[in-house]
Every structure is written in C-alpha cells, then in structure tokens.
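Undergrad: Contents of entry.tsv (TSV, C-alpha atoms and all ligand atoms) are given next:
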```tsv
chain	number	residue	atom	x	y	z
J	1	MET	CA	105.80	57.87	117.59
J	2	ALA	CA	102.18	58.55	118.42
J	3	LEU	CA	100.93	58.39	114.85
J	4	SER	CA	102.30	58.30	111.38
J	5	GLY	CA	100.31	58.63	108.20
J	6	GLY	CA	99.93	60.41	104.91
J	7	HIS	CA	97.63	63.21	103.95
J	8	LYS	CA	96.71	62.99	100.28
J	9	ASN	CA	99.50	64.85	98.49
J	10	ARG	CA	100.53	66.87	101.55
J	11	GLY	CA	103.16	64.40	102.60
J	12	GLU	CA	103.85	62.16	105.56
J	13	LEU	CA	102.56	63.16	108.99
J	14	ARG	CA	104.58	62.18	112.05
J	15	ILE	CA	102.57	63.29	115.08
J	16	HIS	CA	103.97	62.88	118.58
J	17	GLU	CA	102.50	62.66	122.05
J	18	SER	CA	105.36	64.59	123.61
J	19	LEU	CA	108.23	66.88	122.65
J	20	ASP	CA	110.68	64.28	123.88
J	21	GLU	CA	109.22	61.71	121.50
J	22	LEU	CA	109.34	64.21	118.63
J	23	ARG	CA	112.99	65.05	119.38
J	24	THR	CA	113.95	61.37	119.29
J	25	ASP	CA	112.05	60.70	116.08
J	26	LEU	CA	113.55	63.80	114.42
J	27	ALA	CA	117.09	62.77	115.40
J	28	ASP	CA	116.47	59.21	114.13
J	29	TYR	CA	115.07	60.53	110.87
J	30	ILE	CA	117.98	62.92	110.25
J	31	ALA	CA	120.57	60.26	111.18
J	32	GLU	CA	118.99	57.74	108.78
J	33	LEU	CA	118.86	60.27	105.95
J	34	SER	CA	122.47	61.22	106.61
J	35	ASP	CA	123.53	57.53	106.37
J	36	ALA	CA	121.55	56.99	103.18
J	37	SER	CA	122.90	60.16	101.53
J	38	VAL	CA	126.52	59.37	102.44
J	39	LYS	CA	126.09	55.83	101.07
J	40	GLU	CA	124.49	57.13	97.88
J	41	HIS	CA	126.76	60.06	96.99
J	42	GLY	CA	129.36	60.49	99.71
J	43	PHE	CA	128.01	63.55	101.57
J	44	PHE	CA	124.97	64.93	103.36
J	45	ALA	CA	123.86	68.43	102.35
J	46	ILE	CA	121.51	69.61	105.09
J	47	VAL	CA	119.74	72.95	105.28
J	48	LEU	CA	118.78	74.42	108.65
J	49	SER	CA	116.29	77.07	109.67
J	50	GLY	CA	116.23	79.21	112.80
J	51	GLY	CA	113.69	79.43	115.60
J	52	SER	CA	112.49	76.50	117.68
J	53	LEU	CA	113.86	73.92	115.21
J	54	ILE	CA	117.41	73.93	116.59
J	55	GLY	CA	116.29	73.08	120.13
J	56	LEU	CA	114.22	70.22	118.73
J	57	MET	CA	117.34	68.75	117.04
J	58	GLY	CA	119.13	68.53	120.39
J	59	LYS	CA	119.17	64.71	120.63
J	60	LEU	CA	121.67	64.64	117.77
J	61	PHE	CA	124.55	65.51	120.06
J	62	GLU	CA	123.64	62.75	122.49
J	63	ALA	CA	124.26	59.00	122.29
J	64	PRO	CA	124.01	57.15	119.99
J	65	TYR	CA	124.00	59.80	117.23
J	66	ILE	CA	127.09	61.67	118.38
J	67	LYS	CA	129.10	58.51	117.63
J	68	THR	CA	127.09	56.87	114.85
J	69	VAL	CA	126.54	59.84	112.51
J	70	ASP	CA	129.36	60.52	110.01
J	71	TRP	CA	129.62	64.22	110.86
J	72	SER	CA	132.65	64.69	108.58
J	73	LYS	CA	130.33	64.26	105.58
J	74	TRP	CA	127.86	66.97	106.61
J	75	TYR	CA	127.62	70.22	104.62
J	76	ILE	CA	125.49	72.83	106.38
J	77	PHE	CA	123.39	75.58	104.82
J	78	TRP	CA	120.58	77.89	105.96
J	79	ALA	CA	117.13	78.18	104.40
J	80	ASP	CA	117.00	81.71	105.76
J	81	GLU	CA	119.13	84.07	107.71
J	82	ARG	CA	118.67	87.39	109.40
J	83	VAL	CA	121.13	90.00	108.05
J	84	VAL	CA	122.85	90.71	111.35
J	85	ALA	CA	126.35	89.99	112.67
J	86	LYS	CA	127.10	86.32	113.31
J	87	ASN	CA	127.41	86.98	117.04
J	88	HIS	CA	124.06	88.83	117.22
J	89	ALA	CA	121.27	87.24	119.27
J	90	ASP	CA	119.02	87.25	116.16
J	91	SER	CA	121.47	85.31	113.98
J	92	ASN	CA	120.25	81.89	112.84
J	93	TYR	CA	123.92	80.92	112.41
J	94	LYS	CA	124.63	81.78	116.06
J	95	LEU	CA	121.57	79.84	117.18
J	96	ALA	CA	122.70	76.73	115.30
J	97	LYS	CA	126.34	77.12	116.32
J	98	ASP	CA	125.54	77.47	120.01
J	99	GLY	CA	122.75	74.88	120.02
J	100	LEU	CA	124.14	72.17	117.73
J	101	LEU	CA	127.19	72.77	115.53
J	102	SER	CA	129.61	73.48	118.39
J	103	LYS	CA	128.59	70.19	120.03
J	104	VAL	CA	129.26	67.86	117.08
J	105	PRO	CA	132.46	67.29	115.04
J	106	ILE	CA	131.44	69.20	111.91
J	107	VAL	CA	134.24	70.24	109.52
J	108	HIS	CA	134.48	74.02	109.83
J	109	SER	CA	134.86	74.57	106.06
J	110	HIS	CA	131.63	72.62	105.45
J	111	VAL	CA	129.56	75.26	107.25
J	112	HIS	CA	128.15	77.65	104.65
J	113	SER	CA	126.76	80.72	106.37
J	114	ILE	CA	126.03	84.12	104.82
J	115	ASN	CA	128.38	87.07	104.47
J	116	ASP	CA	127.20	89.26	107.37
J	117	SER	CA	129.21	92.34	106.44
J	118	VAL	CA	127.25	93.42	103.35
J	119	SER	CA	123.72	94.56	102.54
J	120	ALA	CA	120.82	92.08	102.44
J	121	GLU	CA	120.82	92.21	98.64
J	122	ASP	CA	124.55	91.48	98.40
J	123	ALA	CA	124.33	88.78	101.06
J	124	ALA	CA	121.64	87.00	99.02
J	125	ASP	CA	123.72	87.32	95.81
J	126	ASP	CA	126.87	86.07	97.58
J	127	TYR	CA	125.05	83.12	99.11
J	128	GLU	CA	123.54	82.09	95.79
J	129	PHE	CA	126.96	82.42	94.11
J	130	ALA	CA	128.56	80.21	96.77
J	131	ILE	CA	125.86	77.57	96.33
J	132	ARG	CA	126.25	77.70	92.52
J	133	GLN	CA	129.97	76.87	92.92
J	134	LEU	CA	129.11	73.92	95.17
J	135	VAL	CA	126.55	72.66	92.66
J	136	LYS	CA	129.16	72.94	89.89
J	137	THR	CA	131.62	70.86	91.90
J	138	ARG	CA	128.79	68.49	92.93
J	139	VAL	CA	129.22	69.09	96.66
J	140	VAL	CA	125.50	69.78	96.34
J	141	SER	CA	123.51	67.66	93.89
J	142	VAL	CA	121.49	69.21	91.09
J	143	SER	CA	117.80	68.67	90.41
J	144	GLU	CA	116.96	66.47	87.43
J	145	ILE	CA	114.03	68.72	86.43
J	146	ASN	CA	115.52	72.22	86.68
J	147	ASP	CA	118.93	73.76	87.40
J	148	CYS	CA	118.24	74.13	91.14
J	149	PRO	CA	120.35	72.61	93.89
J	150	LYS	CA	118.90	69.39	95.24
J	151	PHE	CA	119.68	69.41	98.95
J	152	ASP	CA	119.43	66.08	100.73
J	153	LEU	CA	117.32	67.60	103.51
J	154	ILE	CA	115.77	71.02	104.05
J	155	LEU	CA	114.48	71.52	107.59
J	156	LEU	CA	111.86	74.24	107.96
J	157	GLY	CA	110.08	75.71	110.96
J	158	LEU	CA	106.51	76.96	110.68
J	159	GLY	CA	105.56	80.47	111.77
J	160	GLN	CA	102.20	81.14	113.39
J	161	ASP	CA	101.33	83.14	110.29
J	162	GLY	CA	102.30	80.20	108.06
J	163	HIS	CA	105.73	81.49	107.03
J	164	VAL	CA	108.55	79.10	106.25
J	165	ALA	CA	112.19	80.18	105.94
J	166	SER	CA	111.72	83.98	105.48
J	167	LEU	CA	108.88	83.58	103.00
J	168	PHE	CA	106.00	85.49	104.58
J	169	PRO	CA	102.31	85.52	103.60
J	170	ASN	CA	101.48	87.73	100.61
J	171	HIS	CA	105.11	88.83	100.20
J	172	SER	CA	106.47	89.28	96.67
J	173	ALA	CA	109.42	86.99	97.56
J	174	LEU	CA	106.95	84.10	97.20
J	175	ASN	CA	106.78	84.82	93.46
J	176	GLU	CA	110.52	84.64	92.85
J	177	ARG	CA	111.17	81.95	90.26
J	178	GLU	CA	114.64	82.82	88.87
J	179	GLU	CA	116.80	83.47	91.92
J	180	TRP	CA	117.79	80.68	94.31
J	181	VAL	CA	118.28	83.09	97.19
J	182	THR	CA	116.42	86.36	97.59
J	183	PHE	CA	116.34	89.13	100.18
J	184	ILE	CA	113.69	91.09	102.03
J	185	THR	CA	114.00	94.33	104.01
J	186	ASP	CA	110.46	94.41	105.38
J	187	SER	CA	110.03	91.20	107.33
J	188	PRO	CA	106.83	91.42	109.41
J	189	LYS	CA	108.72	89.53	112.11
J	190	PRO	CA	111.85	91.31	113.35
J	191	PRO	CA	114.58	91.72	112.32
J	192	PRO	CA	113.41	93.23	109.01
J	193	GLU	CA	116.40	92.39	106.80
J	194	ARG	CA	116.72	88.76	105.81
J	195	ILE	CA	117.80	86.46	103.04
J	196	THR	CA	115.83	83.37	102.15
J	197	PHE	CA	115.81	80.38	99.84
J	198	THR	CA	113.09	80.74	97.25
J	199	LEU	CA	110.28	78.25	96.63
J	200	PRO	CA	111.96	76.67	93.56
J	201	VAL	CA	114.97	75.72	95.70
J	202	ILE	CA	112.89	74.47	98.62
J	203	ASN	CA	110.71	72.45	96.27
J	204	SER	CA	113.73	70.86	94.54
J	205	ALA	CA	115.07	69.19	97.68
J	206	SER	CA	115.18	65.40	98.07
J	207	THR	CA	113.36	65.76	101.37
J	208	VAL	CA	111.69	68.74	103.04
J	209	ALA	CA	110.79	68.32	106.71
J	210	VAL	CA	108.58	70.90	108.42
J	211	VAL	CA	108.81	70.86	112.20
J	212	ALA	CA	106.13	72.58	114.31
J	213	THR	CA	105.13	72.29	117.94
J	214	GLY	CA	102.63	73.95	120.27
J	215	GLU	CA	99.07	75.16	120.07
J	216	SER	CA	100.10	78.46	118.51
J	217	LYS	CA	101.09	76.55	115.33
J	218	ALA	CA	97.86	74.52	115.08
J	219	GLU	CA	95.97	76.85	112.72
J	220	ALA	CA	98.98	77.25	110.41
J	221	ALA	CA	99.49	73.47	110.37
J	222	HIS	CA	95.83	72.99	109.46
J	223	LEU	CA	96.00	75.60	106.67
J	224	ALA	CA	99.24	74.11	105.38
J	225	ILE	CA	98.18	70.48	105.46
J	226	ASP	CA	94.48	69.81	105.20
J	227	ALA	CA	92.34	72.95	104.88
J	228	VAL	CA	90.10	72.93	101.82
J	229	GLY	CA	87.81	75.39	100.08
J	230	PRO	CA	88.04	78.70	98.22
J	231	GLU	CA	88.13	80.75	101.44
J	232	CYS	CA	91.26	78.97	102.61
J	233	PRO	CA	94.26	81.39	102.54
J	234	LEU	CA	97.26	80.13	100.58
J	235	ILE	CA	99.93	80.41	103.26
J	236	PRO	CA	103.62	79.93	102.35
J	237	ALA	CA	103.80	76.54	104.11
J	238	ARG	CA	101.08	75.28	101.78
J	239	MET	CA	103.31	76.21	98.81
J	240	VAL	CA	105.95	73.77	100.00
J	241	GLN	CA	105.35	71.04	97.46
J	242	PRO	CA	108.53	69.15	96.55
J	243	ALA	CA	108.41	68.33	92.82
J	244	THR	CA	110.03	64.91	92.99
J	245	GLY	CA	111.14	64.83	96.62
J	246	LYS	CA	109.47	63.91	99.84
J	247	LEU	CA	107.53	66.15	102.25
J	248	VAL	CA	107.28	65.18	105.91
J	249	TRP	CA	105.68	66.97	108.88
J	250	PHE	CA	106.97	66.54	112.43
J	251	LEU	CA	104.20	67.79	114.74
J	252	ASP	CA	103.37	67.41	118.38
J	253	LYS	CA	99.76	66.75	119.28
J	254	LEU	CA	99.09	70.42	120.05
J	255	ALA	CA	100.30	71.56	116.63
J	256	ALA	CA	98.23	68.74	115.09
J	257	SER	CA	95.12	69.57	117.11
J	258	LYS	CA	93.30	71.42	114.29
J	259	LEU	CA	93.91	68.81	111.60
J	260	GLU	CA	90.58	67.70	110.26
J	261	ASP	CA	91.25	63.98	110.22
J	262	SER	CA	89.24	63.12	113.31
J	263	ASN	CA	90.91	59.70	113.37
J	264	LEU	CA	94.23	61.35	114.13
J	265	ASN	CA	92.90	63.57	116.88
J	266	ASN	CA	90.66	60.92	118.47
J	267	LYS	CA	93.55	58.48	118.63
J	268	LEU	CA	95.80	61.11	120.17
J	269	GLY	CA	93.23	61.86	122.84
F	301	LIG	O1	111.97	83.99	111.89
F	301	LIG	C1	112.00	82.79	111.75
F	301	LIG	O2	110.92	82.04	112.15
F	301	LIG	C2	110.70	80.71	111.69
F	301	LIG	C3	109.79	80.02	112.71
F	301	LIG	O3	110.39	80.10	113.98
F	301	LIG	P1	109.77	79.36	115.27
F	301	LIG	O4	110.60	79.86	116.44
F	301	LIG	O5	108.33	79.77	115.35
F	301	LIG	O6	109.94	77.89	115.06
F	301	LIG	C4	111.99	79.98	111.43
F	301	LIG	O7	111.74	78.74	110.83
F	301	LIG	C5	112.89	80.85	110.54
F	301	LIG	O8	114.07	80.17	110.20
F	301	LIG	C6	113.23	82.09	111.30
F	301	LIG	O9	114.11	82.94	110.62
```
Could you show the structure in this file as structure tokens?

TA:
Amino acid sequence: MALSGGHKNRGELRIHESLDELRTDLADYIAELSDASVKEHGFFAIVLSGGSLIGLMGKLFEAPYIKTVDWSKWYIFWADERVVAKNHADSNYKLAKDGLLSKVPIVHSHVHSINDSVSAEDAADDYEFAIRQLVKTRVVSVSEINDCPKFDLILLGLGQDGHVASLFPNHSALNEREEWVTFITDSPKPPPERITFTLPVINSASTVAVVATGESKAEAAHLAIDAVGPECPLIPARMVQPATGKLVWFLDKLAASKLEDSNLNNKLG
C-alpha cells in the first residue's frame, strides 16, 4: 500500500500507487473481513455496488483467495440496482455475476438480487421485505442502535458527482429515514429507474468501504473526505458516516490527488 492513515472522523484512508496495488489490498481486506465475520457469527453478509467496483474486486477469484475464502458462507446483496432485466447490460446483478459471482463457488440461494419483473416501487418494497426476513432469521445481523440490518461489509463506488449507491446529490431519497430500501425514477445518470439502500442502512453497517479510482473522482473524494467550510456542498458520499461501524476509503493516487493533506500527496509524488 502506498499510504494508510486516518482523516479525523472521515475514516481510514488507503491510498495506492497503482490500480494493481489497490486491487490486491481490496481483495486482502475483503478476505480478512470475511474470515473474521465467519468466525464471529458464521456468515459473511456483503453488499455490492455496480460500476467500476466489480472490476477492482477481480483478484478475489485468483490465488490465494479462490481457495482460502469460505465462499459457502457468503450472502450477497446490492446497495443499489437499476430496474432492468437481469440480463440487461445496465444490470448491477449481471455485472457482478459476469465479473465475480460466476467465478467463485457462491451458493446460488445466498445471492439476493432484486425482483426485476415489477415496478421500481414494488422492487424496492420486495427487496426490503426479503431483507427483513433475513434479519428476523439472523442471516443478517441487526444494529444495536436501531432496527436496521447490520451488514458485515457494504462496498460503495463513488460517482463523479459524489453519489453513492443510487443516492444522488440533492435528491429527496437522501432524506429517507424510515425505509431501508427506496426507489427513484429520475436518476440523473441513466437508467432512470433504480432502487437503493437508504442512508440509515448504509450507516448501520459494521464496515463501509468506498472505492474510487481515477482523476475524475478526485473532486468528489475531496468533498467527501476533507473539504471544509460553509461553501462546501454536502454530497451524498459525505453523508456516509457509520454510527458505530468503520469507514474506509480505497483510493488510487489520482482519486486522492485533491485531498488537502499535503503530506499524503507529497509522499505519493
Ligand atoms: O450508477 C452507478 O454508479 C456508481 C459509481 O459507478 P462508477 O463506475 O463511477 O464506479 C456505482 O457505485 C453504483 O452502484 C451504480 O449504480
């Protein structure tokens, strides 16, 4: 790893010289969390996002992880999904299936994707209902401070505009406090119809990891992590603030290039 550090209450920063280094560190981190979760409560409830994240998880289906990870204990969920058919090019499920899940021995019934044959509103309701059943049967843990699910790990990407999951800047979905899963029909990034975990669910996880690479993410990373002052826009990524859990940022040096800690950027060169 190029650099690791903390940034006040904005979590742990893991900044990497190269994408290859980031991929290895991310795979190590996920594998260690999987081991710890299985030891602690017998399963690993992991939440995926779409976009560039899946490609960055690619080391997981290589040695040693393919053999050392207890894949049979993984339960898979999505932080957001586009309301399209599962075989559609825009589907986050398809992206994860093609890029990761089909390459590791995951138990088929542990993969919890959305119902793609109903409206966005019904898909959100169905997904929340399914998660509520899994919380009741303790396949997913429950938060000690509210009734929300406490996923072992939520993996988020970071949009150039600062969105995480399908929570976009200034969208009313950011204010949702009752529902675990909500829907939108006006996503500024296509496709328009999506479902998304709400902030209370994201912020109840044991660990939230935000993964961002490339120069195009540098401003959003800065606004999410270390921008200060009244002029600073409150982007969705800044609202990721796990209540009792851990927040960790996996960045490459380009995505970290606008962070204000000159020590970080000088050392990275
Ligand atoms: O639309 C989406 O975008 C974000 C970010 O994607 P990236 O390709 O810029 O990493 C992603 O995290 C989210 O799941 C997806 O639906």

Undergrad: List as a ChimeraX atom specification the protein and nucleic acid residues lying within 9 Å of ligand LIG 301 (chain F), with only C-alpha atoms and all ligand atoms counted.

TA: /J:48-54,78-82,90-92,155-160,162-167,187,189-191,194,196,210-213,216-217

Undergrad: With a distance cut-off of 10 Å and all atoms listed in the file, select the neighbouring residues of Ala85 (chain J), excluding the residue or stretch itself and same-chain residues fewer than 6 positions from it, and output the selection as a VMD selection string.

TA: chain J and resid 91 93 to 94 114 to 118

Undergrad: Compare J:Lys136, J:Lys103, J:His110, J:Lys258 by their minimum atom-to-atom distance to Phe61 (chain J), counting only C-alpha atoms, and give me the closest one.

TA: J:Lys103

Undergrad: I'd like the neighbourhood of Ala27 (chain J) as a list in words, where a residue qualifies if any of its atoms comes within 9 Å (using all atoms listed in the file), though same-chain residues fewer than 2 positions away should be ignored.

TA: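 Selected residues are Leu22, Arg23, Thr24, Asp25, Tyr29, Ile30, Ala31, Glu32, Leu56, Met57, Gly58, Lys59, Leu60 and Tyr65 of chain J.
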
Undergrad: Counting all atoms listed in the file, which residue out of J:Val142, J:Ile46, J:Ala220, J:Ile154 sits closest to Leu259 (chain J)?

TA: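 Closest residue, counting all atoms listed in the file: J:Ala220.
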
Undergrad: Record the distance separating CA of Asp98 (chain J) and CA of Thr182 (chain J), expressed in Å with one decimal.

TA: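 Those two atoms sit 25.8 Å apart.
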
Undergrad: What is the distance, in Å and to one decimal place, between CA of His16 (chain J) and CA of Phe250 (chain J)?

TA: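 So the two atoms, CA of His16 (chain J) and CA of Phe250 (chain J), lie 7.8 Å apart.
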
Undergrad: Which residue is closest to Ala96 (chain J)? Choose from J:Val111, J:Val83, J:Ile15, J:Ala221 and count only C-alpha atoms.

TA: J:Val111

Undergrad: Find the residue from J:Val208, J:Ala120, J:Leu19, J:Leu153 that sits nearest to Val248 (chain J); use all atoms listed in the file when measuring.

TA: J:Val208

Undergrad: Looking at J:Asn9, J:Phe151, J:Ile195, J:Phe183, which one is nearest to Arg138 (chain J), with distances taken over all atoms listed in the file?

TA: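 For Arg138 (chain J), the nearest of the given residues is J:Phe151.
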
Undergrad: Hey, can you check how far CA of Phe129 (chain J) sits from CA of Trp180 (chain J)?

TA: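 Pair CA of Phe129 (chain J) / CA of Trp180 (chain J) returns 9.3 Å.
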
Undergrad: Of the residues J:Ser72, J:Thr198, J:Ser172, J:Ser119, which is the one nearest to Leu101 (chain J), using only C-alpha atoms?

TA: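 Checking each candidate against Leu101 (chain J), we get J:Ser72 as the closest.
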
Undergrad: Asp147 (chain J): which residues within 12 Å, counting only C-alpha atoms, same-chain residues fewer than 5 positions away excluded, as an MDAnalysis selection string?

TA: chainID J and resid 131:132 135:136 140:142 177:180 200:201 204:205

Undergrad: Return as AutoDock Vina command-line options the centre and edge lengths, in Å with one decimal, of the box along x, y and z that encloses every atom of region 58-72 of chain J in the file, padded by 8 Å per side.

TA:
```
--center_x 125.9 --center_y 62.7 --center_z 115.5 --size_x 29.5 --size_y 27.7 --size_z 29.9
```
